[in-house]
$ cat data19.pdb   # PDB, C-alpha atoms
ATOM      1  CA  MET A   1     -82.538  91.475 -34.726
ATOM      2  CA  PHE A   2     -78.988  90.349 -35.457
ATOM      3  CA  ASP A   3     -78.575  88.822 -38.935
ATOM      4  CA  PRO A   4     -75.431  86.626 -38.978
ATOM      5  CA  ASP A   5     -75.500  86.267 -42.766
ATOM      6  CA  LEU A   6     -75.535  90.029 -43.203
ATOM      7  CA  PHE A   7     -72.642  90.367 -40.761
ATOM      8  CA  ILE A   8     -70.628  87.743 -42.689
ATOM      9  CA  SER A   9     -71.236  89.576 -45.971
ATOM     10  CA  TRP A  10     -70.032  92.790 -44.295
ATOM     11  CA  MET A  11     -66.891  90.932 -43.143
ATOM     12  CA  ALA A  12     -66.370  89.656 -46.700
ATOM     13  CA  GLU A  13     -66.521  93.230 -47.962
ATOM     14  CA  GLN A  14     -64.012  94.404 -45.324
ATOM     15  CA  GLY A  15     -61.670  91.462 -45.906
ATOM     16  CA  THR A  16     -59.431  92.046 -42.908
ATOM     17  CA  GLY A  17     -59.067  94.256 -39.872
ATOM     18  CA  SER A  18     -58.476  94.653 -36.164
ATOM     19  CA  LEU A  19     -59.894  91.969 -33.880
ATOM     20  CA  ARG A  20     -60.743  94.531 -31.220
ATOM     21  CA  SER A  21     -62.810  96.504 -33.710
ATOM     22  CA  LEU A  22     -64.489  93.331 -34.971
ATOM     23  CA  ILE A  23     -65.508  92.316 -31.440
ATOM     24  CA  ARG A  24     -66.777  95.839 -30.789
ATOM     25  CA  ASP A  25     -68.820  95.872 -34.008
ATOM     26  CA  ALA A  26     -70.212  92.364 -33.439
ATOM     27  CA  SER A  27     -71.126  93.288 -29.867
ATOM     28  CA  TRP A  28     -72.989  96.372 -31.085
ATOM     29  CA  ALA A  29     -74.771  94.464 -33.868
ATOM     30  CA  SER A  30     -75.761  91.460 -31.731
ATOM     31  CA  GLY A  31     -76.442  93.223 -28.447
ATOM     32  CA  HIS A  32     -74.106  90.849 -26.577
ATOM     33  CA  ASP A  33     -70.995  91.538 -24.576
ATOM     34  CA  ARG A  34     -67.429  90.500 -25.335
ATOM     35  CA  LYS A  35     -67.460  86.954 -23.949
ATOM     36  CA  PRO A  36     -70.343  85.468 -25.994
ATOM     37  CA  VAL A  37     -69.185  87.429 -29.051
ATOM     38  CA  THR A  38     -65.701  85.921 -28.740
ATOM     39  CA  ARG A  39     -67.214  82.430 -28.506
ATOM     40  CA  TRP A  40     -69.348  83.211 -31.571
ATOM     41  CA  LEU A  41     -66.321  84.341 -33.557
ATOM     42  CA  SER A  42     -64.497  81.107 -32.704
ATOM     43  CA  ARG A  43     -67.475  79.240 -34.176
ATOM     44  CA  ILE A  44     -67.325  81.404 -37.308
ATOM     45  CA  GLU A  45     -63.626  80.555 -37.562
ATOM     46  CA  ALA A  46     -64.408  76.830 -37.317
ATOM     47  CA  LEU A  47     -66.922  77.251 -40.150
ATOM     48  CA  GLY A  48     -64.044  78.524 -42.295
ATOM     49  CA  ALA A  49     -65.434  82.003 -42.958
ATOM     50  CA  VAL A  50     -62.574  83.777 -41.219
ATOM     51  CA  THR A  51     -59.109  83.139 -39.812
ATOM     52  CA  ILE A  52     -58.310  84.943 -36.568
ATOM     53  CA  ASP A  53     -54.915  85.732 -35.109
ATOM     54  CA  TRP A  54     -56.039  85.875 -31.491
ATOM     55  CA  ARG A  55     -52.679  86.989 -30.133
ATOM     56  CA  GLY A  56     -51.890  89.401 -32.932
ATOM     57  CA  GLU A  57     -55.481  90.666 -32.764
ATOM     58  CA  GLN A  58     -56.046  90.604 -36.515
ATOM     59  CA  TRP A  59     -58.504  88.748 -38.744
ATOM     60  CA  HIS A  60     -59.036  88.084 -42.431
ATOM     61  CA  THR A  61     -61.796  86.365 -44.352
ATOM     62  CA  SER A  62     -61.475  83.284 -46.547
ATOM     63  CA  PRO A  63     -62.559  83.429 -50.212
ATOM     64  CA  CYS A  64     -65.987  82.093 -51.096
ATOM     65  CA  GLU A  65     -65.787  78.731 -52.887
ATOM     66  CA  VAL A  66     -68.140  75.979 -54.012
ATOM     67  CA  THR A  67     -66.951  72.524 -53.041
ATOM     68  CA  ASP A  68     -68.387  69.010 -53.054
ATOM     69  CA  LEU A  69     -69.372  67.307 -49.838
ATOM     70  CA  PRO A  70     -67.612  63.959 -49.324
ATOM     71  CA  GLY A  71     -69.292  60.844 -50.649
ATOM     72  CA  ASN A  72     -71.385  60.423 -53.767
ATOM     73  CA  THR A  73     -73.996  62.896 -52.589
ATOM     74  CA  GLN A  74     -74.044  65.175 -55.635
ATOM     75  CA  THR A  75     -74.269  68.017 -53.164
ATOM     76  CA  ALA A  76     -71.939  70.997 -52.888
ATOM     77  CA  VAL A  77     -71.600  73.608 -50.153
ATOM     78  CA  LEU A  78     -70.465  77.232 -50.183
ATOM     79  CA  THR A  79     -67.456  77.787 -47.951
ATOM     80  CA  GLY A  80     -65.613  80.907 -46.880
ATOM     81  CA  ALA A  81     -67.095  84.363 -46.351
ATOM     82  CA  ARG A  82     -70.085  84.885 -48.616
ATOM     83  CA  PRO A  83     -70.340  88.453 -49.968
ATOM     84  CA  ALA A  84     -74.110  88.263 -50.550
ATOM     85  CA  ALA A  85     -77.202  87.356 -48.517
ATOM     86  CA  PRO A  86     -78.632  83.797 -48.726
ATOM     87  CA  ALA A  87     -81.538  85.030 -50.892
ATOM     88  CA  PHE A  88     -79.040  85.834 -53.650
ATOM     89  CA  TYR A  89     -77.855  82.215 -53.713
ATOM     90  CA  ARG A  90     -81.345  80.718 -53.297
ATOM     91  CA  LYS A  91     -82.511  82.524 -56.437
ATOM     92  CA  ARG A  92     -79.778  80.645 -58.274
ATOM     93  CA  GLY A  93     -80.767  77.217 -56.956
ATOM     94  CA  ALA A  94     -79.073  76.857 -53.581
ATOM     95  CA  ALA A  95     -80.861  75.683 -50.451
ATOM     96  CA  ALA A  96     -80.309  77.411 -47.118
ATOM     97  CA  MET A  97     -79.975  75.141 -44.082
ATOM     98  CA  PRO A  98     -80.360  76.987 -40.761
ATOM     99  CA  GLN A  99     -77.703  76.206 -38.175
ATOM    100  CA  ARG A 100     -78.600  74.648 -34.854
ATOM    101  CA  HIS A 101     -79.486  76.835 -31.894
ATOM    102  CA  GLU A 102     -76.473  78.405 -30.240
ATOM    103  CA  GLN A 103     -76.156  78.390 -26.457
ATOM    104  CA  SER A 104     -74.500  81.824 -26.676
ATOM    105  CA  GLY A 105     -77.740  83.234 -28.031
ATOM    106  CA  ILE A 106     -76.032  84.583 -31.168
ATOM    107  CA  PRO A 107     -77.194  82.697 -34.284
ATOM    108  CA  LEU A 108     -74.772  81.328 -36.845
ATOM    109  CA  PRO A 109     -74.977  81.945 -40.608
ATOM    110  CA  ALA A 110     -76.945  79.384 -42.591
ATOM    111  CA  ALA A 111     -75.253  76.632 -44.557
ATOM    112  CA  LEU A 112     -75.858  76.900 -48.309
ATOM    113  CA  TRP A 113     -76.054  73.655 -50.278
ATOM    114  CA  LEU A 114     -76.464  73.027 -53.988
ATOM    115  CA  GLN A 115     -77.711  69.705 -55.329
ATOM    116  CA  TYR A 116     -76.938  68.819 -58.920
ATOM    117  CA  THR A 117     -76.986  65.910 -61.333
ATOM    118  CA  GLU A 118     -74.497  67.262 -63.874
ATOM    119  CA  ARG A 119     -71.162  68.930 -63.152
ATOM    120  CA  SER A 120     -72.056  71.636 -65.640
ATOM    121  CA  ARG A 121     -74.800  72.746 -63.234
ATOM    122  CA  LEU A 122     -72.241  73.126 -60.458
ATOM    123  CA  HIS A 123     -69.929  75.223 -62.619
ATOM    124  CA  ALA A 124     -72.809  77.349 -63.907
ATOM    125  CA  PHE A 125     -73.878  78.100 -60.327
ATOM    126  CA  ALA A 126     -70.328  78.986 -59.312
ATOM    127  CA  ALA A 127     -70.011  81.362 -62.261
ATOM    128  CA  ALA A 128     -73.346  82.995 -61.411
ATOM    129  CA  VAL A 129     -72.265  83.733 -57.833
ATOM    130  CA  SER A 130     -68.641  84.603 -58.718
ATOM    131  CA  ALA A 131     -67.158  81.759 -56.671
ATOM    132  CA  ALA A 132     -64.422  79.297 -57.576
ATOM    133  CA  VAL A 133     -65.095  75.561 -57.766
ATOM    134  CA  ALA A 134     -62.761  73.578 -55.514
ATOM    135  CA  PRO A 135     -62.294  69.807 -55.176
ATOM    136  CA  CYS A 136     -63.844  68.260 -52.077
ATOM    137  CA  ALA A 137     -62.445  70.564 -49.402
ATOM    138  CA  ALA A 138     -63.091  68.084 -46.581
ATOM    139  CA  GLU A 139     -60.985  65.395 -48.249
ATOM    140  CA  SER A 140     -58.250  67.889 -49.145
ATOM    141  CA  ALA A 141     -58.175  69.199 -45.579
ATOM    142  CA  ALA A 142     -57.992  65.653 -44.192
ATOM    143  CA  ARG A 143     -55.011  64.823 -46.409
ATOM    144  CA  SER A 144     -53.188  67.978 -45.313
ATOM    145  CA  LEU A 145     -53.611  67.341 -41.586
ATOM    146  CA  SER A 146     -50.294  66.725 -39.855
ATOM    147  CA  ALA A 147     -49.432  65.129 -36.550
ATOM    148  CA  PHE A 148     -48.900  67.356 -33.532
ATOM    149  CA  ALA A 149     -45.619  69.230 -33.364
ATOM    150  CA  PRO A 150     -44.748  71.453 -30.393
ATOM    151  CA  GLY A 151     -44.630  75.181 -30.981
ATOM    152  CA  PRO A 152     -41.551  77.368 -30.632
ATOM    153  CA  GLU A 153     -39.549  77.228 -27.443
ATOM    154  CA  THR A 154     -40.696  79.681 -24.812
ATOM    155  CA  ALA A 155     -39.707  80.826 -21.364
ATOM    156  CA  PRO A 156     -41.186  78.847 -18.464
ATOM    157  CA  PRO A 157     -44.000  80.415 -16.439
ATOM    158  CA  ALA A 158     -42.776  82.573 -13.582
ATOM    159  CA  GLN A 159     -42.647  80.709 -10.290
ATOM    160  CA  ASP A 160     -44.671  83.339  -8.453
ATOM    161  CA  ILE A 161     -47.771  83.087 -10.665
ATOM    162  CA  ALA A 162     -50.697  80.710 -10.329
ATOM    163  CA  ALA A 163     -50.370  77.794 -12.720
ATOM    164  CA  GLU A 164     -52.395  74.676 -13.523
ATOM    165  CA  LEU A 165     -51.231  71.314 -14.858
ATOM    166  CA  LEU A 166     -53.350  69.037 -17.051
ATOM    167  CA  ASP A 167     -54.068  65.698 -15.433
ATOM    168  CA  PRO A 168     -53.431  63.196 -18.278
ATOM    169  CA  VAL A 169     -55.933  60.746 -16.811
ATOM    170  CA  SER A 170     -58.937  62.952 -15.995
ATOM    171  CA  GLY A 171     -58.372  65.630 -18.649
ATOM    172  CA  ARG A 172     -58.800  68.396 -16.080
ATOM    173  CA  PHE A 173     -56.422  71.221 -15.172
ATOM    174  CA  ARG A 174     -55.429  71.230 -11.498
ATOM    175  CA  PRO A 175     -53.540  73.910  -9.540
ATOM    176  CA  VAL A 176     -49.829  73.223  -9.132
ATOM    177  CA  GLY A 177     -47.146  75.055  -7.158
ATOM    178  CA  LEU A 178     -43.971  75.985  -9.011
ATOM    179  CA  VAL A 179     -42.037  77.609  -6.162
ATOM    180  CA  GLY A 180     -39.056  75.608  -4.985
ATOM    181  CA  ARG A 181     -39.797  72.484  -7.000
ATOM    182  CA  ARG A 182     -38.823  70.997 -10.347
ATOM    183  CA  PRO A 183     -41.914  70.985 -12.592
ATOM    184  CA  VAL A 184     -42.951  67.690 -14.127
ATOM    185  CA  PRO A 185     -43.412  67.338 -17.906
ATOM    186  CA  GLY A 186     -46.896  68.139 -19.133
ATOM    187  CA  LEU A 187     -49.239  70.868 -20.294
ATOM    188  CA  TYR A 188     -49.385  73.996 -18.125
ATOM    189  CA  LYS A 189     -51.963  76.777 -18.087
ATOM    190  CA  TYR A 190     -51.174  80.179 -16.616
ATOM    191  CA  LYS A 191     -51.940  83.858 -17.012
ATOM    192  CA  GLN A 192     -49.752  86.289 -18.906
ATOM    193  CA  PHE A 193     -49.853  89.922 -17.836
ATOM    194  CA  GLY A 194     -52.583  88.900 -15.415
ATOM    195  CA  ARG A 195     -55.260  88.579 -18.093
ATOM    196  CA  MET A 196     -54.400  86.282 -20.989
ATOM    197  CA  ASP A 197     -54.414  82.495 -20.693
ATOM    198  CA  ARG A 198     -51.225  80.918 -21.989
ATOM    199  CA  TYR A 199     -50.433  77.252 -22.528
ATOM    200  CA  ALA A 200     -46.941  75.777 -22.457
ATOM    201  CA  LEU A 201     -45.786  72.207 -22.862
ATOM    202  CA  LEU A 202     -42.801  71.009 -20.843
ATOM    203  CA  ARG A 203     -41.097  68.207 -22.742
ATOM    204  CA  GLU A 204     -38.396  65.880 -21.563
ATOM    205  CA  PRO A 205     -36.422  64.214 -24.369
ATOM    206  CA  PRO A 206     -35.764  60.490 -24.031
ATOM    207  CA  CYS A 207     -32.541  59.623 -22.213
ATOM    208  CA  GLN A 208     -29.956  58.281 -24.646
ATOM    209  CA  SER A 209     -27.478  55.731 -23.410
ATOM    210  CA  THR A 210     -25.035  53.311 -24.953
ATOM    211  CA  PRO A 211     -25.734  49.631 -24.131
ATOM    212  CA  GLY A 212     -23.138  48.189 -21.786
ATOM    213  CA  VAL A 213     -21.665  51.565 -20.934
ATOM    214  CA  HIS A 214     -22.402  52.936 -17.459
ATOM    215  CA  THR A 215     -21.465  56.575 -17.184
ATOM    216  CA  ARG A 216     -22.623  59.328 -14.938
ATOM    217  CA  VAL A 217     -24.467  61.833 -17.106
ATOM    218  CA  SER A 218     -26.476  64.940 -16.333
ATOM    219  CA  PRO A 219     -30.246  64.706 -16.828
ATOM    220  CA  PRO A 220     -31.437  65.554 -20.360
ATOM    221  CA  GLU A 221     -32.330  69.163 -21.039
ATOM    222  CA  ARG A 222     -36.047  69.813 -20.784
ATOM    223  CA  THR A 223     -37.672  72.415 -22.994
ATOM    224  CA  TRP A 224     -40.764  74.590 -22.744
ATOM    225  CA  HIS A 225     -42.868  75.075 -25.869
ATOM    226  CA  SER A 226     -45.720  77.447 -26.581
ATOM    227  CA  VAL A 227     -48.744  75.444 -27.743
ATOM    228  CA  ASP A 228     -52.337  75.885 -28.780
ATOM    229  CA  ARG A 229     -54.661  74.893 -25.955
ATOM    230  CA  ARG A 230     -56.613  72.262 -27.874
ATOM    231  CA  ALA A 231     -53.630  70.652 -29.590
ATOM    232  CA  GLY A 232     -51.695  70.669 -26.322
ATOM    233  CA  ILE A 233     -54.520  68.865 -24.525
ATOM    234  CA  HIS A 234     -54.619  66.069 -27.088
ATOM    235  CA  HIS A 235     -50.841  65.698 -26.966
ATOM    236  CA  ALA A 236     -50.711  65.563 -23.168
ATOM    237  CA  LEU A 237     -53.607  63.143 -22.696
ATOM    238  CA  ARG A 238     -53.128  59.411 -22.894
ATOM    239  CA  PRO A 239     -54.547  58.060 -26.180
ATOM    240  CA  SER A 240     -57.268  56.074 -24.413
ATOM    241  CA  VAL A 241     -58.465  58.995 -22.260
ATOM    242  CA  LEU A 242     -61.474  60.900 -23.654
ATOM    243  CA  PRO A 243     -61.327  59.013 -26.981
ATOM    244  CA  LEU A 244     -62.998  60.237 -30.156
ATOM    245  CA  ARG A 245     -66.097  58.275 -31.140
ATOM    246  CA  TRP A 246     -67.625  57.595 -34.546
ATOM    247  CA  ARG A 247     -71.050  56.088 -35.136
ATOM    248  CA  ALA A 248     -72.120  55.087 -38.635
ATOM    249  CA  ASP A 249     -75.334  56.317 -40.209
ATOM    250  CA  ARG A 250     -77.549  53.818 -41.974
ATOM    251  CA  PRO A 251     -75.278  51.418 -43.910
ATOM    252  CA  VAL A 252     -75.372  51.546 -47.696
ATOM    253  CA  PRO A 253     -75.210  48.081 -49.335
ATOM    254  CA  GLY A 254     -71.953  47.567 -51.196
ATOM    255  CA  GLN A 255     -70.330  50.704 -49.791
ATOM    256  CA  PRO A 256     -66.882  50.186 -48.206
ATOM    257  CA  ARG A 257     -66.775  51.110 -44.544
ATOM    258  CA  ARG A 258     -64.056  53.712 -45.119
ATOM    259  CA  ASN A 259     -66.505  55.755 -47.201
ATOM    260  CA  ALA A 260     -69.470  55.340 -44.850
ATOM    261  CA  LEU A 261     -70.837  58.543 -43.336
ATOM    262  CA  GLY A 262     -71.393  58.920 -39.619
ATOM    263  CA  ARG A 263     -71.274  61.132 -36.543
ATOM    264  CA  LEU A 264     -67.919  62.054 -35.015
ATOM    265  CA  THR A 265     -68.059  62.945 -31.321
ATOM    266  CA  ALA A 266     -65.425  64.699 -29.214
ATOM    267  CA  ASP A 267     -65.486  65.348 -25.480
ATOM    268  CA  ARG A 268     -65.779  69.029 -24.535
ATOM    269  CA  LYS A 269     -62.760  68.600 -22.221
ATOM    270  CA  ALA A 270     -60.700  67.622 -25.292
ATOM    271  CA  PRO A 271     -62.195  69.598 -28.207
ATOM    272  CA  LEU A 272     -60.831  69.259 -31.720
ATOM    273  CA  PRO A 273     -58.062  71.702 -32.651
ATOM    274  CA  LEU A 274     -59.019  74.214 -35.327
ATOM    275  CA  ALA A 275     -57.540  72.334 -38.318
ATOM    276  CA  GLN A 276     -59.266  69.073 -37.351
ATOM    277  CA  GLU A 277     -62.514  70.849 -36.498
ATOM    278  CA  ARG A 278     -62.589  72.673 -39.816
ATOM    279  CA  THR A 279     -62.060  69.350 -41.569
ATOM    280  CA  ALA A 280     -65.045  67.824 -39.763
ATOM    281  CA  VAL A 281     -67.219  70.903 -40.405
ATOM    282  CA  LEU A 282     -66.384  70.867 -44.122
ATOM    283  CA  CYS A 283     -68.122  67.482 -44.397
ATOM    284  CA  THR A 284     -71.488  69.265 -44.193
ATOM    285  CA  GLY A 285     -70.876  72.996 -43.786
ATOM    286  CA  LEU A 286     -72.689  72.758 -40.445
ATOM    287  CA  ALA A 287     -71.212  73.721 -37.086
ATOM    288  CA  SER A 288     -70.950  71.056 -34.432
ATOM    289  CA  LEU A 289     -73.936  70.211 -32.264
ATOM    290  CA  ARG A 290     -72.866  71.118 -28.739
ATOM    291  CA  THR A 291     -74.156  69.531 -25.560
ATOM    292  CA  ALA A 292     -72.942  70.074 -22.011
ATOM    293  CA  ASP A 293     -70.245  67.407 -22.409
ATOM    294  CA  THR A 294     -69.764  66.670 -26.107
ATOM    295  CA  GLU A 295     -69.495  68.091 -29.607
ATOM    296  CA  HIS A 296     -71.033  66.148 -32.502
ATOM    297  CA  TYR A 297     -70.063  66.478 -36.164
ATOM    298  CA  ASP A 298     -72.434  64.858 -38.643
ATOM    299  CA  GLY A 299     -71.765  63.517 -42.124
ATOM    300  CA  VAL A 300     -68.116  62.642 -41.456
ATOM    301  CA  PRO A 301     -66.806  59.683 -43.514
ATOM    302  CA  PHE A 302     -65.025  57.007 -41.519
ATOM    303  CA  PHE A 303     -61.711  57.590 -43.287
ATOM    304  CA  ILE A 304     -61.774  61.291 -42.352
ATOM    305  CA  ALA A 305     -62.666  60.491 -38.726
ATOM    306  CA  GLU A 306     -59.794  57.991 -38.692
ATOM    307  CA  ARG A 307     -57.403  60.574 -40.123
ATOM    308  CA  ILE A 308     -58.425  63.159 -37.523
ATOM    309  CA  ALA A 309     -57.890  60.666 -34.683
ATOM    310  CA  HIS A 310     -54.531  59.566 -36.079
ATOM    311  CA  THR A 311     -53.136  63.099 -36.283
ATOM    312  CA  LEU A 312     -54.198  63.729 -32.679
ATOM    313  CA  HIS A 313     -52.790  60.433 -31.344
ATOM    314  CA  ARG A 314     -56.287  59.595 -30.103
ATOM    315  CA  ARG A 315     -58.141  56.333 -29.964
ATOM    316  CA  LEU A 316     -61.190  56.212 -32.272
ATOM    317  CA  GLU A 317     -64.020  54.118 -30.882
ATOM    318  CA  THR A 318     -66.571  52.973 -33.457
ATOM    319  CA  ALA A 319     -70.118  51.721 -33.313
TER     320      ALA A 319
END

$ encode --input "data19.pdb" --output "structure tokens"
Amino acid sequence: MFDPDLFISWMAEQGTGSLRSLIRDASWASGHDRKPVTRWLSRIEALGAVTIDWRGEQWHTSPCEVTDLPGNTQTAVLTGARPAAPAFYRKRGAAAMPQRHEQSGIPLPAALWLQYTERSRLHAFAAAVSAAVAPCAAESAARSLSAFAPGPETAPPAQDIAAELLDPVSGRFRPVGLVGRRPVPGLYKYKQFGRMDRYALLREPPCQSTPGVHTRVSPPERTWHSVDRRAGIHHALRPSVLPLRWRADRPVPGQPRRNALGRLTADRKAPLPLAQERTAVLCTGLASLRTADTEHYDGVPFFIAERIAHTLHRRLETA
């Protein structure tokens, strides 16, 4: 039976390597083919154990750290790639929390939490497992989030290939013909080399004119930019379409709303980009709960949910 924690410790020992080899090894270990293994690796990346260069086909693990969960919970979580099995950490006081069932059929590594009353206990645990103590990683990640910026300029998709354009109202990609017509600004999806999905954003800068001066000018130059699929979707959608939602847990008397914990929900048609997803996951160390239409992130403080929505130009609905 596939042991995800053992596989993560093996990755921690390797440190870095070829993505093709990693997919091959994970396929062999799990008994699954490339597609579910690739989905599983994207979940491992969201958990912060590894960073994957999907185009460059390389990967490297993140160092193992002990960091506080947000709020006054007196609970810390191990992040990064753990070099030892959960039993090693349990013997030193940590609690292992199994992840939720994965639709891919490949289980995720457990979350490891440590509860403490004195900071000295936290530092003693970190020293015993050879991990660094970091300030609340979720709060640090939230502060470092930046608003969307288009990627480097790129060549437009060839006119003779099949392309799709994101509908900014429905959030769905729809086929569009590029032959003999001027493409409209928006997010385009197309194949490169007949196999790899690419995403490009066509931007049209605002027309600049001098008040009171009527001159005949050529239309502004439009530019194509290479973008990440998830970030591009959020940028192309209208802010009110597929909004993020946050629902508070049980209120704590005297606690400001900004610090209240709750569940952040994103629509599967507009999933969180990696940086925002990692921020939400760091609030508990648990992967999102996936349904057919949504992804739920528990234990997210309101101020972090608000920060995530702000950097994505999304509306945040609260309840």

$ axis_aligned_box --input "data19.pdb" --around "range 282-288 of chain A" --padding-each-side "5 Å" --output "lines of an AutoDock Vina configuration file"
center_x = -69.5
center_y = 70.6
center_z = -39.4
size_x = 16.3
size_y = 16.2
size_z = 20.0

$ residues_near_point --input "data19.pdb" --point "(-67.8, 68.1, -25.4)" --cutoff "9 Å" --atoms "only C-alpha atoms" --output "compact mmCIF listing (two decimals) with C-alpha atoms, in the frame of the given file"
# COMPACT_ATOMS: atom_id res chain seq x y z
CA THR A 265 -68.06 62.94 -31.32
CA ALA A 266 -65.42 64.70 -29.21
CA ASP A 267 -65.49 65.35 -25.48
CA ARG A 268 -65.78 69.03 -24.54
CA LYS A 269 -62.76 68.60 -22.22
CA ALA A 270 -60.70 67.62 -25.29
CA PRO A 271 -62.20 69.60 -28.21
CA ARG A 290 -72.87 71.12 -28.74
CA THR A 291 -74.16 69.53 -25.56
CA ALA A 292 -72.94 70.07 -22.01
CA ASP A 293 -70.24 67.41 -22.41
CA THR A 294 -69.76 66.67 -26.11
CA GLU A 295 -69.50 68.09 -29.61
CA HIS A 296 -71.03 66.15 -32.50

$ resolve_selection --input "data19.pdb" --expression "the PyMOL selection byres ((chain A and resi 176) around 9)" --output "PyMOL selection string"
chain A and resi 162-165+174-175+177-178+183

$ write_last_selection --input "data19.pdb" --atoms "C-alpha atoms" --output "tab-separated table (two decimals), in the frame of the given file"
chain	number	residue	atom	x	y	z
A	162	ALA	CA	-50.70	80.71	-10.33
A	163	ALA	CA	-50.37	77.79	-12.72
A	164	GLU	CA	-52.40	74.68	-13.52
A	165	LEU	CA	-51.23	71.31	-14.86
A	174	ARG	CA	-55.43	71.23	-11.50
A	175	PRO	CA	-53.54	73.91	-9.54
A	177	GLY	CA	-47.15	75.06	-7.16
A	178	LEU	CA	-43.97	75.98	-9.01
A	183	PRO	CA	-41.91	70.98	-12.59

$ resolve_selection --input "data19.pdb" --expression "the PyMOL selection byres ((chain A and resi 273) around 9)" --output "tab-separated table (two decimals) with C-alpha atoms, in the coordinates of the input"
chain	number	residue	atom	x	y	z
A	228	ASP	CA	-52.34	75.89	-28.78
A	229	ARG	CA	-54.66	74.89	-25.96
A	230	ARG	CA	-56.61	72.26	-27.87
A	231	ALA	CA	-53.63	70.65	-29.59
A	234	HIS	CA	-54.62	66.07	-27.09
A	270	ALA	CA	-60.70	67.62	-25.29
A	271	PRO	CA	-62.20	69.60	-28.21
A	272	LEU	CA	-60.83	69.26	-31.72
A	274	LEU	CA	-59.02	74.21	-35.33
A	275	ALA	CA	-57.54	72.33	-38.32
A	276	GLN	CA	-59.27	69.07	-37.35
A	277	GLU	CA	-62.51	70.85	-36.50
A	278	ARG	CA	-62.59	72.67	-39.82
A	312	LEU	CA	-54.20	63.73	-32.68

$ closest_residue --input "data19.pdb" --among "A:Arg119, A:Arg43, A:Arg257, A:Arg203" --to "Ala76 in chain A" --atoms "only C-alpha atoms"
A:Arg119

$ atom_distance --input "data19.pdb" --atom1 "CA of Pro301 in chain A" --atom2 "CA of Pro70 in chain A"
7.3 Å

$ residues_near_point --input "data19.pdb" --point "(-50.2, 85.9, -23.4)" --cutoff "12 Å" --atoms "all atoms listed in the file" --output "ChimeraX atom specification"
/A:54-57,154-155,157,189-200,226-228

$ closest_residue --input "data19.pdb" --among "A:Leu6, A:Ala319, A:Ala248, A:Ala287" --to "Pro98 in chain A" --atoms "only C-alpha atoms"
A:Ala287

$ atom_distance --input "data19.pdb" --atom1 "CA of His101 in chain A" --atom2 "CA of Ser9 in chain A"
20.7 Å

$ residues_around --input "data19.pdb" --residues "Leu19 in chain A" --least-positions-apart "3" --cutoff "9 Å" --atoms "only C-alpha atoms" --output "PDB file with C-alpha atoms, in the frame of the given file"
ATOM      1  CA  LEU A  22     -64.489  93.331 -34.971  1.00  0.00           C
ATOM      2  CA  ILE A  23     -65.508  92.316 -31.440  1.00  0.00           C
ATOM      3  CA  ARG A  24     -66.777  95.839 -30.789  1.00  0.00           C
ATOM      4  CA  ILE A  52     -58.310  84.943 -36.568  1.00  0.00           C
ATOM      5  CA  ASP A  53     -54.915  85.732 -35.109  1.00  0.00           C
ATOM      6  CA  TRP A  54     -56.039  85.875 -31.491  1.00  0.00           C
ATOM      7  CA  GLY A  56     -51.890  89.401 -32.932  1.00  0.00           C
ATOM      8  CA  GLU A  57     -55.481  90.666 -32.764  1.00  0.00           C
ATOM      9  CA  GLN A  58     -56.046  90.604 -36.515  1.00  0.00           C
ATOM     10  CA  TRP A  59     -58.504  88.748 -38.744  1.00  0.00           C
TER      11      TRP A  59
END

$ closest_residue --input "data19.pdb" --among "A:Thr38, A:Asn259, A:Thr61, A:Ser120" --to "Thr73 in chain A" --atoms "only C-alpha atoms"
A:Asn259
